[in-house]
Amino acid sequence: MTRPDAANDPDDLPTRPWDRDDALIDAVRAGGGPAMAAYAWDQVAVVIGRGGRQADELHRDRIAADGVPLLRRPGGGCAVVLDPGNVIASLVLPLPGIGGITRAFDAISDHLIAALDRCGVPGVTRQGVSDLTLGDRKIGGSCIWRTRGLVYYSTTVLVNPDPAIVDRYLPHPPREPSYRGGRPHRLFMGSLRSAGLADDAPGLAGRLQVAIFQDLMILDDMCREKS
């Protein structure tokens, strides 16, 4: 699936489109019902948002030197680093028209938090625009992309991330939620492992797949009613 890239400068690194969930999007576009997947991420990669500026959000020299893949996602938000300690949970819902994005984001986020609770991860809340938190630590971040006829939502859950590689590839972000309070990555990021709630990304992915799928049709109906 081809997506427009943000305007770049001569020093920008080449990006590849985020295509891991294209099969879900294609299935919904083909007239199917809601689709979802939860999976453990399998490599180190940097992902920049749809309108993100590399000069502001990336240590481009380090990314290039290490040969790390740079992907551009369809949704917004600042750049993130993915590693095998992360779980990705993505949902695509058929949604008529092009509106209703805020209410869909709220409904899907609440559904995900409830699914995490069923997986033995209680107490997750939303802070900022799209962060999932335990206390004052970020344990997940989400993005949403709305196009005619569907909404795509994806979140990254931090099971056992490596803050050192986040420091290596990302400077302090150009914008941040108020609850971050200027903290560096290592003091801002949390993990389910350090909280004693999950040790294994593939194991959580399997449980989350089942938990999100429960009541998925109800979530779909809620988003349609609110659109």
# chains A, B, ... in the order shown; residues from 1 in each chain; ligands from 1
>>> residues_around(residues="stretch 116-130 of chain A", least_positions_apart="2", cutoff="10 Å", atoms="only C-alpha atoms", output="PyMOL selection string")
chain A and resi 77+105-106+109-114+132-144+155+157+176-180+192+195-198+204-212
>>> write_last_selection(atoms="N, CA and C atoms", output="compact mmCIF listing (two decimals), in the first residue's frame")
# COMPACT_ATOMS: atom_id res chain seq x y z
N GLY A 77 1.80 11.30 15.28
CA GLY A 77 2.59 11.10 16.49
C GLY A 77 4.08 11.13 16.21
N PHE A 105 -11.36 6.46 18.32
CA PHE A 105 -10.11 6.31 19.07
C PHE A 105 -10.40 6.04 20.54
N ASP A 106 -11.33 6.77 21.12
CA ASP A 106 -11.68 6.56 22.52
C ASP A 106 -12.24 5.15 22.76
N SER A 109 -9.46 2.47 22.32
CA SER A 109 -8.52 2.52 23.44
C SER A 109 -9.11 1.88 24.68
N ASP A 110 -10.37 2.18 24.97
CA ASP A 110 -11.03 1.58 26.13
C ASP A 110 -11.13 0.06 25.98
N HIS A 111 -11.41 -0.40 24.76
CA HIS A 111 -11.49 -1.83 24.49
C HIS A 111 -10.14 -2.49 24.73
N LEU A 112 -9.06 -1.84 24.30
CA LEU A 112 -7.72 -2.40 24.48
C LEU A 112 -7.35 -2.46 25.96
N ILE A 113 -7.68 -1.41 26.71
CA ILE A 113 -7.37 -1.40 28.14
C ILE A 113 -8.11 -2.53 28.85
N ALA A 114 -9.37 -2.75 28.47
CA ALA A 114 -10.14 -3.85 29.06
C ALA A 114 -9.52 -5.20 28.68
N LEU A 132 -0.63 4.85 26.73
CA LEU A 132 -1.11 3.93 27.75
C LEU A 132 -0.09 3.93 28.88
N THR A 133 -0.56 4.06 30.11
CA THR A 133 0.36 4.25 31.22
C THR A 133 0.02 3.36 32.40
N LEU A 134 1.04 3.05 33.16
CA LEU A 134 0.92 2.49 34.51
C LEU A 134 1.56 3.49 35.45
N GLY A 135 0.78 4.10 36.31
CA GLY A 135 1.31 5.19 37.11
C GLY A 135 1.72 6.33 36.20
N ASP A 136 2.97 6.79 36.35
CA ASP A 136 3.45 7.88 35.50
C ASP A 136 4.40 7.39 34.42
N ARG A 137 4.40 6.08 34.16
CA ARG A 137 5.28 5.52 33.14
C ARG A 137 4.49 5.08 31.92
N LYS A 138 5.02 5.41 30.77
CA LYS A 138 4.39 5.00 29.51
C LYS A 138 4.67 3.53 29.25
N ILE A 139 3.63 2.73 29.04
CA ILE A 139 3.82 1.33 28.68
C ILE A 139 3.18 1.02 27.31
N GLY A 140 2.75 2.05 26.61
CA GLY A 140 2.21 1.85 25.27
C GLY A 140 1.91 3.18 24.60
N GLY A 141 1.93 3.14 23.29
CA GLY A 141 1.57 4.32 22.51
C GLY A 141 0.74 3.91 21.31
N SER A 142 -0.21 4.74 20.93
CA SER A 142 -1.16 4.37 19.89
C SER A 142 -1.21 5.42 18.80
N CYS A 143 -1.63 4.98 17.62
CA CYS A 143 -1.90 5.91 16.53
C CYS A 143 -3.16 5.45 15.81
N ILE A 144 -3.76 6.36 15.08
CA ILE A 144 -4.98 6.05 14.34
C ILE A 144 -4.90 6.69 12.97
N THR A 155 -1.39 -0.03 18.32
CA THR A 155 -0.72 0.35 19.56
C THR A 155 0.47 -0.56 19.79
N VAL A 157 2.72 -2.16 22.84
CA VAL A 157 2.75 -2.42 24.29
C VAL A 157 4.18 -2.78 24.66
N GLU A 176 5.70 16.81 23.72
CA GLU A 176 5.49 15.75 24.69
C GLU A 176 4.24 16.02 25.50
N PRO A 177 3.60 14.97 26.04
CA PRO A 177 2.46 15.18 26.93
C PRO A 177 2.92 15.80 28.24
N SER A 178 2.04 16.54 28.90
CA SER A 178 2.43 17.25 30.12
C SER A 178 2.91 16.31 31.22
N TYR A 179 2.36 15.09 31.27
CA TYR A 179 2.75 14.20 32.36
C TYR A 179 4.20 13.69 32.22
N ARG A 180 4.79 13.83 31.04
CA ARG A 180 6.19 13.42 30.88
C ARG A 180 7.11 14.31 31.69
N LEU A 192 6.05 -3.84 31.23
CA LEU A 192 5.23 -4.79 31.97
C LEU A 192 6.10 -5.74 32.78
N ALA A 195 7.07 -4.12 36.00
CA ALA A 195 5.90 -4.03 36.88
C ALA A 195 5.45 -5.40 37.37
N GLY A 196 6.13 -6.45 36.92
CA GLY A 196 5.78 -7.80 37.35
C GLY A 196 4.50 -8.33 36.73
N LEU A 197 4.13 -7.81 35.56
CA LEU A 197 2.84 -8.17 34.96
C LEU A 197 2.97 -9.07 33.73
N ALA A 198 4.12 -9.09 33.09
CA ALA A 198 4.33 -9.95 31.93
C ALA A 198 5.83 -10.04 31.67
N LEU A 204 2.31 -12.73 25.76
CA LEU A 204 1.28 -11.70 25.91
C LEU A 204 0.54 -11.50 24.59
N ALA A 205 1.26 -11.54 23.48
CA ALA A 205 0.60 -11.35 22.18
C ALA A 205 -0.49 -12.39 21.96
N GLY A 206 -0.20 -13.64 22.30
CA GLY A 206 -1.21 -14.67 22.13
C GLY A 206 -2.43 -14.45 22.99
N ARG A 207 -2.22 -14.06 24.25
CA ARG A 207 -3.35 -13.81 25.14
C ARG A 207 -4.13 -12.58 24.69
N LEU A 208 -3.41 -11.57 24.22
CA LEU A 208 -4.07 -10.33 23.81
C LEU A 208 -4.89 -10.55 22.54
N GLN A 209 -4.41 -11.41 21.66
CA GLN A 209 -5.18 -11.74 20.46
C GLN A 209 -6.57 -12.26 20.83
N VAL A 210 -6.61 -13.16 21.80
CA VAL A 210 -7.89 -13.73 22.23
C VAL A 210 -8.75 -12.67 22.93
N ALA A 211 -8.12 -11.89 23.81
CA ALA A 211 -8.87 -10.92 24.60
C ALA A 211 -9.44 -9.80 23.75
N ILE A 212 -8.69 -9.32 22.77
CA ILE A 212 -9.19 -8.25 21.90
C ILE A 212 -10.32 -8.76 21.03
>>> residues_around(residues="A:Phe213", least_positions_apart="6", cutoff="9 Å", atoms="only C-alpha atoms", output="list in words")
Ala35, Met36, Ala37 and Ala115 of chain A
>>> write_last_selection(atoms="N, CA and C atoms", output="PDB file, in the first residue's frame")
ATOM      1  N   ALA A  35     -11.299  -6.485  11.626  1.00  0.00           N
ATOM      2  CA  ALA A  35     -10.149  -7.384  11.616  1.00  0.00           C
ATOM      3  C   ALA A  35      -9.142  -6.898  12.651  1.00  0.00           C
ATOM      4  N   MET A  36      -8.406  -7.823  13.249  1.00  0.00           N
ATOM      5  CA  MET A  36      -7.413  -7.437  14.249  1.00  0.00           C
ATOM      6  C   MET A  36      -6.289  -8.465  14.287  1.00  0.00           C
ATOM      7  N   ALA A  37      -5.165  -8.064  14.849  1.00  0.00           N
ATOM      8  CA  ALA A  37      -4.036  -8.964  15.061  1.00  0.00           C
ATOM      9  C   ALA A  37      -3.205  -8.430  16.212  1.00  0.00           C
ATOM     10  N   ALA A 115      -9.030  -5.330  27.451  1.00  0.00           N
ATOM     11  CA  ALA A 115      -8.386  -6.572  27.028  1.00  0.00           C
ATOM     12  C   ALA A 115      -7.101  -6.812  27.807  1.00  0.00           C
TER      13      ALA A 115
END
>>> residues_around(residues="A:His172", least_positions_apart="3", cutoff="9 Å", atoms="only C-alpha atoms", output="MDAnalysis selection string")
chainID A and resid 56:57 167 175:176 182:185
>>> select_by_dssp(residues="stretch 2-216 of chain A", states="strand (DSSP E)", output="VMD selection string")
chain A and resid 16 to 17 35 to 40 45 to 48 70 to 72 80 to 82 86 to 95 125 to 127 131 to 134 137 to 147 149 to 158
>>> write_last_selection(atoms="C-alpha atoms", output="PDB file, in the first residue's frame")
ATOM      1  CA  ARG A  16       9.606   2.264   3.779  1.00  0.00           C
ATOM      2  CA  PRO A  17       5.859   2.331   4.354  1.00  0.00           C
ATOM      3  CA  ALA A  35     -10.149  -7.384  11.616  1.00  0.00           C
ATOM      4  CA  MET A  36      -7.413  -7.437  14.249  1.00  0.00           C
ATOM      5  CA  ALA A  37      -4.036  -8.964  15.061  1.00  0.00           C
ATOM      6  CA  ALA A  38      -1.696  -8.990  18.058  1.00  0.00           C
ATOM      7  CA  TYR A  39       1.896 -10.087  17.542  1.00  0.00           C
ATOM      8  CA  ALA A  40       5.357  -9.788  19.043  1.00  0.00           C
ATOM      9  CA  ALA A  45      13.194  -0.702  13.742  1.00  0.00           C
ATOM     10  CA  VAL A  46      12.423   3.004  13.924  1.00  0.00           C
ATOM     11  CA  VAL A  47       8.937   4.193  12.967  1.00  0.00           C
ATOM     12  CA  ILE A  48       8.178   7.833  12.208  1.00  0.00           C
ATOM     13  CA  LEU A  70      13.131   3.242   9.051  1.00  0.00           C
ATOM     14  CA  LEU A  71       9.383   2.927   8.499  1.00  0.00           C
ATOM     15  CA  ARG A  72       6.713   5.581   8.048  1.00  0.00           C
ATOM     16  CA  VAL A  80       9.227   5.415  18.199  1.00  0.00           C
ATOM     17  CA  VAL A  81      11.705   2.548  18.363  1.00  0.00           C
ATOM     18  CA  LEU A  82      10.407  -1.003  18.131  1.00  0.00           C
ATOM     19  CA  ASN A  86       7.287  -5.011  22.123  1.00  0.00           C
ATOM     20  CA  VAL A  87       3.833  -6.329  21.251  1.00  0.00           C
ATOM     21  CA  ILE A  88       1.849  -4.722  18.428  1.00  0.00           C
ATOM     22  CA  ALA A  89      -1.948  -4.794  18.578  1.00  0.00           C
ATOM     23  CA  SER A  90      -3.790  -3.505  15.507  1.00  0.00           C
ATOM     24  CA  LEU A  91      -7.483  -3.222  14.681  1.00  0.00           C
ATOM     25  CA  VAL A  92      -9.280  -2.207  11.503  1.00  0.00           C
ATOM     26  CA  LEU A  93     -12.979  -1.412  11.635  1.00  0.00           C
ATOM     27  CA  PRO A  94     -15.317  -0.682   8.728  1.00  0.00           C
ATOM     28  CA  LEU A  95     -16.695   2.780   9.400  1.00  0.00           C
ATOM     29  CA  THR A 125      -4.903   4.312  31.945  1.00  0.00           C
ATOM     30  CA  ARG A 126      -4.679   6.810  29.090  1.00  0.00           C
ATOM     31  CA  GLN A 127      -2.640   9.969  29.467  1.00  0.00           C
ATOM     32  CA  ASP A 131      -0.319   6.997  25.661  1.00  0.00           C
ATOM     33  CA  LEU A 132      -1.108   3.927  27.753  1.00  0.00           C
ATOM     34  CA  THR A 133       0.360   4.253  31.219  1.00  0.00           C
ATOM     35  CA  LEU A 134       0.921   2.487  34.506  1.00  0.00           C
ATOM     36  CA  ARG A 137       5.281   5.518  33.145  1.00  0.00           C
ATOM     37  CA  LYS A 138       4.387   4.995  29.508  1.00  0.00           C
ATOM     38  CA  ILE A 139       3.817   1.326  28.678  1.00  0.00           C
ATOM     39  CA  GLY A 140       2.208   1.854  25.271  1.00  0.00           C
ATOM     40  CA  GLY A 141       1.568   4.323  22.511  1.00  0.00           C
ATOM     41  CA  SER A 142      -1.162   4.370  19.888  1.00  0.00           C
ATOM     42  CA  CYS A 143      -1.904   5.915  16.528  1.00  0.00           C
ATOM     43  CA  ILE A 144      -4.982   6.049  14.344  1.00  0.00           C
ATOM     44  CA  TRP A 145      -5.523   6.508  10.630  1.00  0.00           C
ATOM     45  CA  ARG A 146      -8.911   7.359   9.166  1.00  0.00           C
ATOM     46  CA  THR A 147      -9.737   6.980   5.512  1.00  0.00           C
ATOM     47  CA  GLY A 149     -14.856   3.558   4.851  1.00  0.00           C
ATOM     48  CA  LEU A 150     -12.518   2.384   7.601  1.00  0.00           C
ATOM     49  CA  VAL A 151     -10.455   3.268  10.645  1.00  0.00           C
ATOM     50  CA  TYR A 152      -7.066   1.717  11.442  1.00  0.00           C
ATOM     51  CA  TYR A 153      -5.730   1.735  15.007  1.00  0.00           C
ATOM     52  CA  SER A 154      -2.406   0.346  16.179  1.00  0.00           C
ATOM     53  CA  THR A 155      -0.721   0.347  19.560  1.00  0.00           C
ATOM     54  CA  THR A 156       2.662  -0.788  20.839  1.00  0.00           C
ATOM     55  CA  VAL A 157       2.749  -2.421  24.286  1.00  0.00           C
ATOM     56  CA  LEU A 158       6.101  -2.272  26.096  1.00  0.00           C
TER      57      LEU A 158
END
>>> select_by_dssp(residues="stretch 32-151 of chain A", states="helix (DSSP H, G or I)", output="MDAnalysis selection string")
chainID A and resid 54:57 60:66 101:118
>>> residues_around(residues="A:Ala107", least_positions_apart="4", cutoff="8 Å", atoms="only C-alpha atoms", output="PDB file with N, CA and C atoms, in the first residue's frame")
ATOM      1  N   ARG A 103     -14.093   9.722  18.513  1.00  0.00           N
ATOM      2  CA  ARG A 103     -14.896   8.770  19.277  1.00  0.00           C
ATOM      3  C   ARG A 103     -14.456   7.340  19.012  1.00  0.00           C
ATOM      4  N   HIS A 111     -11.408  -0.398  24.757  1.00  0.00           N
ATOM      5  CA  HIS A 111     -11.494  -1.833  24.488  1.00  0.00           C
ATOM      6  C   HIS A 111     -10.141  -2.494  24.732  1.00  0.00           C
ATOM      7  N   LEU A 219     -17.631  -3.737  19.767  1.00  0.00           N
ATOM      8  CA  LEU A 219     -16.843  -2.525  19.528  1.00  0.00           C
ATOM      9  C   LEU A 219     -17.160  -1.945  18.160  1.00  0.00           C
ATOM     10  N   MET A 222     -20.400  -0.147  18.324  1.00  0.00           N
ATOM     11  CA  MET A 222     -20.290   1.113  19.069  1.00  0.00           C
ATOM     12  C   MET A 222     -19.713   2.211  18.178  1.00  0.00           C
ATOM     13  N   CYS A 223     -18.679   1.888  17.432  1.00  0.00           N
ATOM     14  CA  CYS A 223     -18.059   2.903  16.583  1.00  0.00           C
ATOM     15  C   CYS A 223     -19.007   3.351  15.478  1.00  0.00           C
TER      16      CYS A 223
END
>>> residues_around(residues="A:Ala65", least_positions_apart="6", cutoff="12 Å", atoms="only C-alpha atoms", output="list in words")
Leu13, His59, Arg168 and Tyr169 of chain A
>>> closest_residue(among="A:Gly190, A:Pro96, A:Pro202, A:Pro69", to="A:Trp41", atoms="only C-alpha atoms")
A:Pro202
>>> atom_distance(atom1="atom CA of A:Ala23", atom2="atom CA of A:Asp220")
18.4 Å
>>> closest_residue(among="A:Asp19, A:Asp200, A:Asp215, A:Asp42", to="A:Pro84", atoms="only C-alpha atoms")
A:Asp42
>>> atom_distance(atom1="atom CA of A:Asp61", atom2="atom CA of A:Pro161")
22.0 Å
